[in-house]
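**Q** Would you mind keeping the following structure in view while I ask a few things?
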Amino acid sequence: MGKKVKEMKEAKIRGDIINNDTKWIYDWLEWESTCPNDIKSVIDTLDPGEELRVLVNSGGGDVYAGQEIYTLLRKCKNSVAEIDSLAGSAAGVAAMGAARVLISPVGMIMIHNVTGSGYTSGDYHLYEKRAKALKELNAALASSYSEKSGRPLEEILKIMDRETWLTANQAIEMGFADETLGAGMQVTNAYDGLRLTEEIRQRVIQEKAEADKNEKLKKEILGDLELYGI
């Protein structure tokens, strides 16, 4: 008899990492994205002892969504993250939550500081407050890399501060990945910022409202035609 193949299910971290509430907008635009619920929905279907295989190719995205995915994978003891190409920023943090991290020979992990977005007006107290919040987020994300690699938090923060791109060999050497993906295995930001701007968000919301309105009108017209036998 042949060797029994270990059962596993597959999830994907692709495109922008976004929060659950924003997912429908990306779907509407037919943009690739990943929210925590995408991962949770697969985890919820796992049978006891079944392995979760997470394919990663993302430049990152929403910090809090990345943290949530990290925590979901931490709780899933049979999880394996496979970095096919890029695990950047929040995607790298999410991948660190897996029990094992494999990386393609041509894959990369990118680590950098948390960045803010949007226009802010106010006095220096507000900017000091925002700077403090960003530093605290840096420390929170750094802890995921520190725990995975066993390296001191201060060292990770320095790596983040200078925006570091790691090749597969470097990632394994530094402890962020466990091994390279097997040669026979089939494998397939928010470094540049999320694709979804506020302008596009508002446009999609308006388009969907118009589509819903037209669909409602269509149903009313069809109902009238049926009522009057036309």
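Just so we're on the same page: first chain in the structure tokens is A, next is B, and so on; residues restart at 1 for each chain, and ligands are numbered from 1 in the order they show up.
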Run DSSP on the backbone and tell me which residues of segment 9-225 of chain A come out as alpha helix (DSSP H); list them as a CSV table (one decimal) with N, CA, C and O atoms, in the first residue's frame.
**A**
chain,number,residue,atom,x,y,z
A,23,LYS,N,-14.2,44.2,2.4
A,23,LYS,CA,-14.1,43.1,1.5
A,23,LYS,C,-15.1,43.2,0.3
A,23,LYS,O,-14.7,43.0,-0.8
A,24,TRP,N,-16.3,43.6,0.6
A,24,TRP,CA,-17.3,43.7,-0.5
A,24,TRP,C,-16.9,44.7,-1.6
A,24,TRP,O,-17.3,44.5,-2.7
A,25,ILE,N,-16.2,45.8,-1.2
A,25,ILE,CA,-15.8,46.8,-2.2
A,25,ILE,C,-14.8,46.2,-3.1
A,25,ILE,O,-14.9,46.3,-4.4
A,26,TYR,N,-13.8,45.4,-2.6
A,26,TYR,CA,-12.8,44.8,-3.4
A,26,TYR,C,-13.5,43.7,-4.3
A,26,TYR,O,-13.1,43.6,-5.5
A,27,ASP,N,-14.4,43.0,-3.8
A,27,ASP,CA,-15.2,42.0,-4.6
A,27,ASP,C,-15.9,42.7,-5.7
A,27,ASP,O,-16.0,42.2,-6.9
A,28,TRP,N,-16.5,43.8,-5.4
A,28,TRP,CA,-17.3,44.6,-6.4
A,28,TRP,C,-16.4,45.0,-7.6
A,28,TRP,O,-16.8,45.0,-8.7
A,29,LEU,N,-15.2,45.5,-7.2
A,29,LEU,CA,-14.2,45.9,-8.2
A,29,LEU,C,-13.5,44.8,-8.9
A,29,LEU,O,-12.7,45.0,-9.8
A,36,PRO,N,-9.6,38.9,7.3
A,36,PRO,CA,-9.6,37.8,8.3
A,36,PRO,C,-10.7,36.8,8.1
A,36,PRO,O,-10.4,35.6,8.3
A,37,ASN,N,-11.9,37.2,7.7
A,37,ASN,CA,-13.0,36.2,7.5
A,37,ASN,C,-12.7,35.2,6.4
A,37,ASN,O,-13.2,34.1,6.5
A,38,ASP,N,-11.8,35.6,5.4
A,38,ASP,CA,-11.5,34.6,4.4
A,38,ASP,C,-10.7,33.4,5.0
A,38,ASP,O,-10.9,32.3,4.6
A,39,ILE,N,-9.8,33.8,5.9
A,39,ILE,CA,-9.0,32.7,6.6
A,39,ILE,C,-9.8,31.9,7.6
A,39,ILE,O,-9.8,30.7,7.6
A,40,LYS,N,-10.6,32.7,8.3
A,40,LYS,CA,-11.4,32.0,9.4
A,40,LYS,C,-12.4,31.0,8.8
A,40,LYS,O,-12.7,30.0,9.4
A,41,SER,N,-13.0,31.4,7.6
A,41,SER,CA,-14.0,30.5,7.0
A,41,SER,C,-13.4,29.2,6.6
A,41,SER,O,-14.1,28.1,6.7
A,42,VAL,N,-12.1,29.1,6.3
A,42,VAL,CA,-11.4,27.9,6.0
A,42,VAL,C,-11.1,27.1,7.3
A,42,VAL,O,-11.3,25.9,7.4
A,43,ILE,N,-10.6,27.9,8.2
A,43,ILE,CA,-10.2,27.3,9.5
A,43,ILE,C,-11.4,26.6,10.2
A,43,ILE,O,-11.3,25.5,10.7
A,63,VAL,N,-2.9,47.0,8.9
A,63,VAL,CA,-2.2,46.4,10.0
A,63,VAL,C,-3.0,45.6,10.9
A,63,VAL,O,-2.6,44.4,11.3
A,64,TYR,N,-4.2,46.1,11.3
A,64,TYR,CA,-5.0,45.4,12.2
A,64,TYR,C,-5.6,44.1,11.6
A,64,TYR,O,-5.7,43.1,12.3
A,65,ALA,N,-5.9,44.1,10.3
A,65,ALA,CA,-6.3,42.9,9.7
A,65,ALA,C,-5.2,41.9,9.6
A,65,ALA,O,-5.4,40.7,9.8
A,66,GLY,N,-4.0,42.3,9.4
A,66,GLY,CA,-2.8,41.4,9.4
A,66,GLY,C,-2.6,40.8,10.8
A,66,GLY,O,-2.3,39.6,10.9
A,67,GLN,N,-2.8,41.6,11.8
A,67,GLN,CA,-2.7,41.1,13.2
A,67,GLN,C,-3.7,40.0,13.5
A,67,GLN,O,-3.5,39.0,14.1
A,68,GLU,N,-5.0,40.3,13.0
A,68,GLU,CA,-6.1,39.3,13.2
A,68,GLU,C,-5.8,38.0,12.5
A,68,GLU,O,-6.0,36.9,13.1
A,69,ILE,N,-5.3,38.1,11.3
A,69,ILE,CA,-4.9,36.8,10.6
A,69,ILE,C,-3.8,36.1,11.3
A,69,ILE,O,-3.8,34.9,11.4
A,70,TYR,N,-2.8,36.8,11.8
A,70,TYR,CA,-1.7,36.2,12.6
A,70,TYR,C,-2.3,35.5,13.7
A,70,TYR,O,-1.9,34.3,14.0
A,71,THR,N,-3.2,36.1,14.5
A,71,THR,CA,-3.8,35.4,15.7
A,71,THR,C,-4.6,34.2,15.3
A,71,THR,O,-4.5,33.2,16.0
A,72,LEU,N,-5.3,34.3,14.2
A,72,LEU,CA,-6.1,33.1,13.7
A,72,LEU,C,-5.2,31.9,13.4
A,72,LEU,O,-5.5,30.8,13.8
A,73,LEU,N,-4.0,32.2,12.7
A,73,LEU,CA,-3.1,31.1,12.4
A,73,LEU,C,-2.4,30.6,13.6
A,73,LEU,O,-2.0,29.4,13.7
A,74,ARG,N,-2.1,31.5,14.6
A,74,ARG,CA,-1.5,31.1,15.9
A,74,ARG,C,-2.3,30.0,16.6
A,74,ARG,O,-1.8,29.1,17.2
A,75,LYS,N,-3.6,30.2,16.5
A,75,LYS,CA,-4.6,29.3,17.2
A,75,LYS,C,-4.7,28.0,16.4
A,75,LYS,O,-5.2,27.0,17.0
A,90,ALA,N,2.3,43.7,6.4
A,90,ALA,CA,1.3,43.0,7.1
A,90,ALA,C,1.1,41.5,6.7
A,90,ALA,O,0.8,40.7,7.5
A,91,ALA,N,1.5,41.2,5.5
A,91,ALA,CA,1.4,39.8,5.0
A,91,ALA,C,2.5,39.0,5.7
A,91,ALA,O,2.3,37.8,6.0
A,92,GLY,N,3.7,39.6,5.9
A,92,GLY,CA,4.7,38.9,6.6
A,92,GLY,C,4.4,38.6,8.0
A,92,GLY,O,4.7,37.5,8.5
A,93,VAL,N,3.8,39.6,8.6
A,93,VAL,CA,3.3,39.4,10.0
A,93,VAL,C,2.3,38.3,10.1
A,93,VAL,O,2.4,37.4,11.0
A,94,ALA,N,1.3,38.3,9.2
A,94,ALA,CA,0.3,37.2,9.2
A,94,ALA,C,0.9,35.9,9.0
A,94,ALA,O,0.6,34.9,9.7
A,95,ALA,N,1.9,35.7,8.1
A,95,ALA,CA,2.6,34.5,7.9
A,95,ALA,C,3.3,33.9,9.1
A,95,ALA,O,3.4,32.7,9.3
A,124,TYR,N,1.1,70.2,17.5
A,124,TYR,CA,2.2,69.2,17.7
A,124,TYR,C,1.8,68.1,18.6
A,124,TYR,O,2.4,67.0,18.6
A,125,HIS,N,0.9,68.4,19.5
A,125,HIS,CA,0.4,67.3,20.5
A,125,HIS,C,-0.2,66.1,19.7
A,125,HIS,O,0.0,65.0,20.0
A,126,LEU,N,-1.0,66.5,18.7
A,126,LEU,CA,-1.6,65.4,17.9
A,126,LEU,C,-0.6,64.6,17.1
A,126,LEU,O,-0.7,63.4,17.1
A,127,TYR,N,0.4,65.3,16.5
A,127,TYR,CA,1.4,64.5,15.8
A,127,TYR,C,2.3,63.7,16.7
A,127,TYR,O,2.7,62.6,16.4
A,128,GLU,N,2.6,64.2,17.9
A,128,GLU,CA,3.3,63.4,18.9
A,128,GLU,C,2.5,62.1,19.3
A,128,GLU,O,3.1,61.1,19.5
A,129,LYS,N,1.2,62.3,19.4
A,129,LYS,CA,0.3,61.2,19.8
A,129,LYS,C,0.3,60.2,18.7
A,129,LYS,O,0.4,59.0,18.9
A,130,ARG,N,0.3,60.6,17.4
A,130,ARG,CA,0.3,59.7,16.3
A,130,ARG,C,1.6,59.0,16.2
A,130,ARG,O,1.7,57.8,15.9
A,131,ALA,N,2.7,59.7,16.4
A,131,ALA,CA,4.0,59.1,16.3
A,131,ALA,C,4.2,58.0,17.4
A,131,ALA,O,4.7,56.9,17.1
A,132,LYS,N,3.6,58.3,18.6
A,132,LYS,CA,3.7,57.3,19.7
A,132,LYS,C,2.9,56.1,19.3
A,132,LYS,O,3.3,54.9,19.6
A,133,ALA,N,1.7,56.3,18.7
A,133,ALA,CA,0.9,55.1,18.3
A,133,ALA,C,1.6,54.3,17.3
A,133,ALA,O,1.5,53.0,17.3
A,134,LEU,N,2.2,54.9,16.3
A,134,LEU,CA,2.9,54.2,15.3
A,134,LEU,C,4.1,53.4,15.9
A,134,LEU,O,4.3,52.2,15.5
A,135,LYS,N,4.8,53.9,16.8
A,135,LYS,CA,5.9,53.2,17.5
A,135,LYS,C,5.4,52.0,18.2
A,135,LYS,O,6.0,51.0,18.3
A,136,GLU,N,4.2,52.2,18.9
A,136,GLU,CA,3.6,51.1,19.7
A,136,GLU,C,3.2,50.0,18.7
A,136,GLU,O,3.3,48.8,19.0
A,137,LEU,N,2.7,50.3,17.5
A,137,LEU,CA,2.3,49.3,16.6
A,137,LEU,C,3.5,48.6,16.0
A,137,LEU,O,3.5,47.4,15.8
A,138,ASN,N,4.6,49.4,15.8
A,138,ASN,CA,5.9,48.8,15.4
A,138,ASN,C,6.3,47.7,16.4
A,138,ASN,O,6.7,46.6,16.0
A,139,ALA,N,6.2,48.0,17.7
A,139,ALA,CA,6.6,47.0,18.7
A,139,ALA,C,5.7,45.8,18.7
A,139,ALA,O,6.2,44.7,18.8
A,140,ALA,N,4.4,46.0,18.4
A,140,ALA,CA,3.5,44.9,18.4
A,140,ALA,C,3.8,44.0,17.3
A,140,ALA,O,3.8,42.7,17.4
A,141,LEU,N,4.0,44.5,16.1
A,141,LEU,CA,4.3,43.7,14.9
A,141,LEU,C,5.7,43.0,15.0
A,141,LEU,O,5.9,41.9,14.6
A,142,ALA,N,6.7,43.8,15.6
A,142,ALA,CA,8.0,43.2,15.8
A,142,ALA,C,8.0,42.0,16.7
A,142,ALA,O,8.8,41.1,16.5
A,143,SER,N,7.0,41.9,17.6
A,143,SER,CA,7.0,40.8,18.5
A,143,SER,C,6.7,39.5,17.8
A,143,SER,O,7.1,38.4,18.1
A,144,SER,N,5.9,39.6,16.6
A,144,SER,CA,5.6,38.4,15.9
A,144,SER,C,6.9,37.8,15.2
A,144,SER,O,7.1,36.6,15.2
A,145,TYR,N,7.7,38.7,14.7
A,145,TYR,CA,9.0,38.3,14.1
A,145,TYR,C,10.0,37.8,15.2
A,145,TYR,O,10.7,36.8,15.0
A,146,SER,N,10.0,38.5,16.3
A,146,SER,CA,10.9,38.1,17.4
A,146,SER,C,10.5,36.7,17.9
A,146,SER,O,11.4,35.9,18.2
A,147,GLU,N,9.2,36.5,18.1
A,147,GLU,CA,8.8,35.2,18.6
A,147,GLU,C,9.1,34.0,17.7
A,147,GLU,O,9.6,33.0,18.0
A,148,LYS,N,8.9,34.3,16.4
A,148,LYS,CA,9.2,33.3,15.3
A,148,LYS,C,10.7,33.0,15.2
A,148,LYS,O,11.1,31.8,15.2
A,149,SER,N,11.5,34.0,15.2
A,149,SER,CA,12.9,33.8,15.0
A,149,SER,C,13.8,33.6,16.3
A,149,SER,O,14.9,33.1,16.2
A,153,LEU,N,13.8,41.7,20.4
A,153,LEU,CA,12.8,42.7,19.9
A,153,LEU,C,13.6,43.9,19.3
A,153,LEU,O,13.2,44.5,18.3
A,154,GLU,N,14.6,44.4,20.0
A,154,GLU,CA,15.4,45.5,19.6
A,154,GLU,C,16.0,45.3,18.3
A,154,GLU,O,16.1,46.2,17.4
A,155,GLU,N,16.5,44.1,18.0
A,155,GLU,CA,17.1,43.8,16.7
A,155,GLU,C,16.0,43.8,15.6
A,155,GLU,O,16.3,44.4,14.5
A,156,ILE,N,14.9,43.3,15.9
A,156,ILE,CA,13.8,43.3,14.9
A,156,ILE,C,13.4,44.7,14.6
A,156,ILE,O,13.1,45.1,13.4
A,157,LEU,N,13.3,45.6,15.6
A,157,LEU,CA,12.9,47.0,15.4
A,157,LEU,C,13.9,47.7,14.5
A,157,LEU,O,13.5,48.5,13.7
A,158,LYS,N,15.1,47.4,14.6
A,158,LYS,CA,16.2,48.0,13.8
A,158,LYS,C,16.0,47.5,12.3
A,158,LYS,O,16.2,48.3,11.4
A,159,ILE,N,15.7,46.2,12.2
A,159,ILE,CA,15.5,45.7,10.8
A,159,ILE,C,14.3,46.4,10.2
A,159,ILE,O,14.3,46.7,9.0
A,160,MET,N,13.2,46.6,11.0
A,160,MET,CA,12.1,47.2,10.4
A,160,MET,C,12.4,48.7,10.1
A,160,MET,O,11.9,49.2,9.1
A,161,ASP,N,13.2,49.3,10.9
A,161,ASP,CA,13.5,50.8,10.7
A,161,ASP,C,14.2,51.1,9.4
A,161,ASP,O,14.0,52.2,8.8
A,168,ALA,N,15.0,34.2,0.3
A,168,ALA,CA,14.6,32.9,0.9
A,168,ALA,C,15.7,32.4,1.9
A,168,ALA,O,15.5,32.1,3.0
A,169,ASN,N,17.0,32.5,1.4
A,169,ASN,CA,18.1,32.0,2.2
A,169,ASN,C,18.3,32.9,3.5
A,169,ASN,O,18.5,32.4,4.6
A,170,GLN,N,18.1,34.2,3.3
A,170,GLN,CA,18.3,35.1,4.4
A,170,GLN,C,17.2,34.9,5.4
A,170,GLN,O,17.4,34.9,6.6
A,171,ALA,N,15.9,34.7,4.9
A,171,ALA,CA,14.8,34.5,5.8
A,171,ALA,C,15.0,33.3,6.7
A,171,ALA,O,14.7,33.3,7.9
A,172,ILE,N,15.5,32.2,6.1
A,172,ILE,CA,15.7,31.0,6.8
A,172,ILE,C,16.9,31.1,7.8
A,172,ILE,O,16.8,30.7,8.9
A,173,GLU,N,17.9,31.8,7.3
A,173,GLU,CA,19.1,32.0,8.2
A,173,GLU,C,18.7,32.8,9.4
A,173,GLU,O,19.2,32.6,10.5
A,174,MET,N,17.8,33.8,9.2
A,174,MET,CA,17.4,34.7,10.4
A,174,MET,C,16.3,34.1,11.2
A,174,MET,O,15.9,34.7,12.2
A,198,GLU,N,-9.9,56.5,-1.0
A,198,GLU,CA,-11.2,56.9,-0.5
A,198,GLU,C,-12.1,57.4,-1.7
A,198,GLU,O,-13.3,57.1,-1.7
A,199,GLU,N,-11.5,57.9,-2.7
A,199,GLU,CA,-12.3,58.3,-3.9
A,199,GLU,C,-12.9,57.1,-4.6
A,199,GLU,O,-14.1,57.2,-4.9
A,200,ILE,N,-12.2,56.1,-4.7
A,200,ILE,CA,-12.7,54.8,-5.4
A,200,ILE,C,-13.8,54.2,-4.4
A,200,ILE,O,-14.8,53.8,-4.9
A,201,ARG,N,-13.5,54.2,-3.1
A,201,ARG,CA,-14.5,53.7,-2.2
A,201,ARG,C,-15.9,54.4,-2.3
A,201,ARG,O,-16.9,53.7,-2.4
A,202,GLN,N,-15.8,55.7,-2.4
A,202,GLN,CA,-17.1,56.4,-2.5
A,202,GLN,C,-17.8,56.2,-3.8
A,202,GLN,O,-19.0,56.1,-3.9
A,203,ARG,N,-17.0,56.0,-4.9
A,203,ARG,CA,-17.5,55.8,-6.2
A,203,ARG,C,-18.2,54.4,-6.3
A,203,ARG,O,-19.3,54.3,-6.8
A,204,VAL,N,-17.6,53.4,-5.6
A,204,VAL,CA,-18.2,52.1,-5.6
A,204,VAL,C,-19.5,52.1,-4.8
A,204,VAL,O,-20.5,51.5,-5.2
A,205,ILE,N,-19.5,52.8,-3.7
A,205,ILE,CA,-20.7,52.8,-2.8
A,205,ILE,C,-21.8,53.4,-3.6
A,205,ILE,O,-22.9,53.0,-3.6
A,206,GLN,N,-21.5,54.5,-4.4
A,206,GLN,CA,-22.5,55.2,-5.2
A,206,GLN,C,-23.0,54.3,-6.3
A,206,GLN,O,-24.2,54.2,-6.6
A,207,GLU,N,-22.1,53.6,-7.0
A,207,GLU,CA,-22.4,52.7,-8.1
A,207,GLU,C,-23.3,51.5,-7.6
A,207,GLU,O,-24.3,51.2,-8.2
A,208,LYS,N,-23.0,51.0,-6.4
A,208,LYS,CA,-23.8,49.9,-5.8
A,208,LYS,C,-25.2,50.4,-5.5
A,208,LYS,O,-26.2,49.7,-5.7
A,209,ALA,N,-25.2,51.6,-4.9
A,209,ALA,CA,-26.5,52.2,-4.5
A,209,ALA,C,-27.4,52.3,-5.8
A,209,ALA,O,-28.6,52.0,-5.7
A,210,GLU,N,-26.8,52.8,-6.9
A,210,GLU,CA,-27.5,53.0,-8.1
A,210,GLU,C,-28.0,51.6,-8.7
A,210,GLU,O,-29.1,51.5,-9.2
A,211,ALA,N,-27.1,50.6,-8.6
A,211,ALA,CA,-27.4,49.3,-9.1
A,211,ALA,C,-28.6,48.7,-8.2
A,211,ALA,O,-29.5,48.1,-8.8
A,212,ASP,N,-28.5,48.9,-6.9
A,212,ASP,CA,-29.6,48.4,-6.1
A,212,ASP,C,-30.9,49.1,-6.4
A,212,ASP,O,-32.0,48.4,-6.4
A,213,LYS,N,-30.8,50.4,-6.6
A,213,LYS,CA,-32.0,51.1,-6.9
A,213,LYS,C,-32.6,50.7,-8.3
A,213,LYS,O,-33.9,50.5,-8.4
A,214,ASN,N,-31.8,50.4,-9.3
A,214,ASN,CA,-32.3,50.0,-10.6
A,214,ASN,C,-32.9,48.6,-10.5
A,214,ASN,O,-33.9,48.3,-11.1
A,215,GLU,N,-32.3,47.7,-9.6
A,215,GLU,CA,-32.8,46.4,-9.5
A,215,GLU,C,-34.1,46.4,-8.8
A,215,GLU,O,-35.1,45.7,-9.2
A,216,LYS,N,-34.3,47.3,-7.8
A,216,LYS,CA,-35.6,47.5,-7.1
A,216,LYS,C,-36.7,47.9,-8.1
A,216,LYS,O,-37.8,47.4,-8.1
A,217,LEU,N,-36.3,48.9,-8.9
A,217,LEU,CA,-37.2,49.5,-9.9
A,217,LEU,C,-37.6,48.4,-10.9
A,217,LEU,O,-38.8,48.3,-11.3
A,218,LYS,N,-36.7,47.6,-11.3
A,218,LYS,CA,-36.9,46.5,-12.3
A,218,LYS,C,-37.9,45.5,-11.7
A,218,LYS,O,-38.9,45.1,-12.4
A,219,LYS,N,-37.7,45.2,-10.4
A,219,LYS,CA,-38.7,44.2,-9.8
A,219,LYS,C,-40.1,44.8,-9.7
A,219,LYS,O,-41.1,44.1,-9.8
A,220,GLU,N,-40.1,46.1,-9.4
A,220,GLU,CA,-41.4,46.8,-9.3
A,220,GLU,C,-42.2,46.8,-10.6
A,220,GLU,O,-43.4,46.5,-10.7
A,221,ILE,N,-41.4,47.1,-11.7
A,221,ILE,CA,-42.0,47.1,-13.0
A,221,ILE,C,-42.5,45.7,-13.4
A,221,ILE,O,-43.6,45.5,-13.9
A,222,LEU,N,-41.7,44.7,-13.1
A,222,LEU,CA,-42.1,43.3,-13.5
A,222,LEU,C,-43.3,42.9,-12.6
A,222,LEU,O,-44.2,42.2,-13.1
A,223,GLY,N,-43.3,43.4,-11.4
A,223,GLY,CA,-44.5,43.1,-10.5
A,223,GLY,C,-45.8,43.7,-11.1
A,223,GLY,O,-46.8,43.1,-11.1
A,224,ASP,N,-45.7,44.9,-11.6
A,224,ASP,CA,-46.8,45.6,-12.1
A,224,ASP,C,-47.3,44.9,-13.4
A,224,ASP,O,-48.5,44.8,-13.6
A,225,LEU,N,-46.3,44.5,-14.2
A,225,LEU,CA,-46.7,43.8,-15.5
A,225,LEU,C,-47.4,42.5,-15.2
A,225,LEU,O,-48.4,42.2,-15.8
**Q** Could you pull out the strand (DSSP E) residues of segment 38-129 of chain A from DSSP and send them as a PyMOL selection string?
**A** chain A and resi 51-61+79-88+100-103+108-111
**Q** Just how far from atom CA of Gly175 of chain A is atom CA of Gly150 of chain A, in Å to one decimal?
**A** 7.3 Å
**Q** Compile the contact shell of Val106 of chain A as a VMD selection string: residues with an atom at most 12 Å away, counting only C-alpha atoms, same-chain residues fewer than 4 positions apart removed.
**A** chain A and resid 57 83 to 87 102 166 to 171 180 to 181 183 187 to 188
**Q** With all heavy atoms retained, could you export that selection as a CSV table (one decimal), in the first residue's frame?
**A**
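The resulting file, part29.csv, is reproduced below:
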chain,number,residue,atom,x,y,z
A,57,ASN,N,1.1,35.5,-1.1
A,57,ASN,CA,1.7,36.4,-2.1
A,57,ASN,C,1.0,37.7,-2.0
A,57,ASN,O,0.0,37.9,-2.6
A,57,ASN,CB,1.6,35.8,-3.5
A,57,ASN,CG,2.3,36.7,-4.5
A,57,ASN,OD1,3.1,37.5,-4.2
A,57,ASN,ND2,2.0,36.5,-5.8
A,83,ILE,N,5.2,30.8,1.4
A,83,ILE,CA,5.4,32.1,0.7
A,83,ILE,C,5.9,31.8,-0.7
A,83,ILE,O,7.0,31.5,-1.0
A,83,ILE,CB,6.5,32.9,1.5
A,83,ILE,CG1,6.0,33.2,2.9
A,83,ILE,CG2,6.7,34.3,0.8
A,83,ILE,CD1,7.1,33.8,3.8
A,84,ASP,N,4.9,32.0,-1.6
A,84,ASP,CA,5.2,31.7,-3.0
A,84,ASP,C,6.1,32.8,-3.7
A,84,ASP,O,7.0,32.5,-4.5
A,84,ASP,CB,3.9,31.7,-3.8
A,84,ASP,CG,2.9,30.7,-3.3
A,84,ASP,OD1,3.4,29.7,-2.6
A,84,ASP,OD2,1.7,30.8,-3.5
A,85,SER,N,5.8,34.1,-3.3
A,85,SER,CA,6.5,35.1,-4.0
A,85,SER,C,6.9,36.2,-2.9
A,85,SER,O,8.1,36.2,-2.5
A,85,SER,CB,5.7,35.8,-5.1
A,85,SER,OG,6.4,36.9,-5.7
A,86,LEU,N,6.0,37.0,-2.5
A,86,LEU,CA,6.3,38.1,-1.5
A,86,LEU,C,5.3,38.0,-0.3
A,86,LEU,O,4.1,37.8,-0.4
A,86,LEU,CB,6.1,39.4,-2.2
A,86,LEU,CG,6.2,40.7,-1.3
A,86,LEU,CD1,7.6,40.8,-0.7
A,86,LEU,CD2,5.8,41.9,-2.1
A,87,ALA,N,6.0,38.1,0.9
A,87,ALA,CA,5.2,38.3,2.1
A,87,ALA,C,5.7,39.6,2.6
A,87,ALA,O,6.7,39.7,3.4
A,87,ALA,CB,5.5,37.2,3.1
A,102,LEU,N,7.2,28.0,5.1
A,102,LEU,CA,8.0,27.6,4.0
A,102,LEU,C,8.1,28.7,3.0
A,102,LEU,O,7.2,29.5,2.9
A,102,LEU,CB,7.4,26.3,3.4
A,102,LEU,CG,7.1,25.2,4.3
A,102,LEU,CD1,6.5,24.0,3.5
A,102,LEU,CD2,8.2,24.7,5.1
A,166,LEU,N,14.3,40.4,2.5
A,166,LEU,CA,15.0,39.2,2.8
A,166,LEU,C,14.8,38.2,1.7
A,166,LEU,O,13.6,37.9,1.3
A,166,LEU,CB,14.6,38.6,4.1
A,166,LEU,CG,14.8,39.5,5.3
A,166,LEU,CD1,14.2,38.8,6.6
A,166,LEU,CD2,16.3,39.8,5.6
A,167,THR,N,15.8,37.6,1.1
A,167,THR,CA,15.7,36.5,0.2
A,167,THR,C,15.3,35.2,1.0
A,167,THR,O,15.3,35.2,2.2
A,167,THR,CB,17.0,36.2,-0.5
A,167,THR,OG1,18.0,35.8,0.4
A,167,THR,CG2,17.5,37.5,-1.3
A,168,ALA,N,15.0,34.2,0.3
A,168,ALA,CA,14.6,32.9,0.9
A,168,ALA,C,15.7,32.4,1.9
A,168,ALA,O,15.5,32.1,3.0
A,168,ALA,CB,14.3,31.9,-0.1
A,169,ASN,N,17.0,32.5,1.4
A,169,ASN,CA,18.1,32.0,2.2
A,169,ASN,C,18.3,32.9,3.5
A,169,ASN,O,18.5,32.4,4.6
A,169,ASN,CB,19.4,32.0,1.4
A,169,ASN,CG,19.4,30.8,0.4
A,169,ASN,OD1,18.7,29.8,0.6
A,169,ASN,ND2,20.2,31.0,-0.6
A,170,GLN,N,18.1,34.2,3.3
A,170,GLN,CA,18.3,35.1,4.4
A,170,GLN,C,17.2,34.9,5.4
A,170,GLN,O,17.4,34.9,6.6
A,170,GLN,CB,18.3,36.5,3.9
A,170,GLN,CG,19.6,36.9,3.2
A,170,GLN,CD,19.5,38.3,2.5
A,170,GLN,OE1,18.4,38.7,2.1
A,170,GLN,NE2,20.6,39.0,2.4
A,171,ALA,N,15.9,34.7,4.9
A,171,ALA,CA,14.8,34.5,5.8
A,171,ALA,C,15.0,33.3,6.7
A,171,ALA,O,14.7,33.3,7.9
A,171,ALA,CB,13.5,34.4,5.0
A,180,THR,N,12.9,25.9,2.6
A,180,THR,CA,12.4,26.3,1.3
A,180,THR,C,11.4,25.2,0.9
A,180,THR,O,11.4,24.1,1.3
A,180,THR,CB,13.6,26.3,0.3
A,180,THR,OG1,14.2,25.0,0.3
A,180,THR,CG2,14.5,27.4,0.6
A,181,LEU,N,10.5,25.7,0.0
A,181,LEU,CA,9.5,24.8,-0.6
A,181,LEU,C,10.2,23.8,-1.4
A,181,LEU,O,11.1,24.1,-2.2
A,181,LEU,CB,8.5,25.6,-1.5
A,181,LEU,CG,7.5,26.5,-0.7
A,181,LEU,CD1,6.9,27.5,-1.7
A,181,LEU,CD2,6.4,25.6,-0.1
A,183,ALA,N,11.1,21.3,-4.4
A,183,ALA,CA,11.2,21.6,-5.9
A,183,ALA,C,10.0,21.1,-6.6
A,183,ALA,O,9.6,21.7,-7.6
A,183,ALA,CB,12.5,21.1,-6.4
A,187,VAL,N,3.6,25.8,-6.6
A,187,VAL,CA,3.4,27.0,-5.8
A,187,VAL,C,2.9,28.1,-6.7
A,187,VAL,O,3.1,28.1,-7.9
A,187,VAL,CB,4.7,27.4,-5.1
A,187,VAL,CG1,5.1,26.4,-4.1
A,187,VAL,CG2,5.8,27.7,-6.1
A,188,THR,N,2.5,28.8,-6.4
A,188,THR,CA,2.1,29.9,-7.3
A,188,THR,C,3.3,31.0,-7.3
A,188,THR,O,4.2,30.8,-6.6
A,188,THR,CB,0.7,30.4,-6.8
A,188,THR,OG1,0.4,30.1,-5.5
A,188,THR,CG2,-0.2,30.1,-7.9
**Q** Any idea what's packed within 6 Å of segment 4-20 of chain A, counting only C-alpha atoms, ignoring anything in its chain fewer than 6 positions away? Could you give it as a PyMOL selection string?
**A** chain A and resi 32-35+50-58+60-62+65+189
**Q** Create the file for the chosen residues now, containing C-alpha atoms and written as a compact mmCIF listing (two decimals), in the first residue's frame.
**A**
# COMPACT_ATOMS: atom_id res chain seq x y z
CA GLU A 32 -7.81 40.36 -5.32
CA SER A 33 -7.76 40.77 -1.54
CA THR A 34 -7.74 38.92 1.76
CA CYS A 35 -9.64 39.72 4.94
CA GLU A 50 -6.31 18.32 9.38
CA GLU A 51 -3.58 20.64 8.14
CA LEU A 52 -4.15 24.20 6.89
CA ARG A 53 -1.98 25.26 3.97
CA VAL A 54 -1.83 29.04 3.50
CA LEU A 55 -0.45 30.30 0.20
CA VAL A 56 1.05 33.77 0.62
CA ASN A 57 1.69 36.36 -2.08
CA SER A 58 0.86 39.84 -0.84
CA GLY A 60 0.55 43.70 2.90
CA GLY A 61 -2.19 46.12 3.80
CA ASP A 62 -4.25 46.93 6.87
CA ALA A 65 -6.35 42.88 9.68
CA ASN A 189 0.95 45.63 -0.56
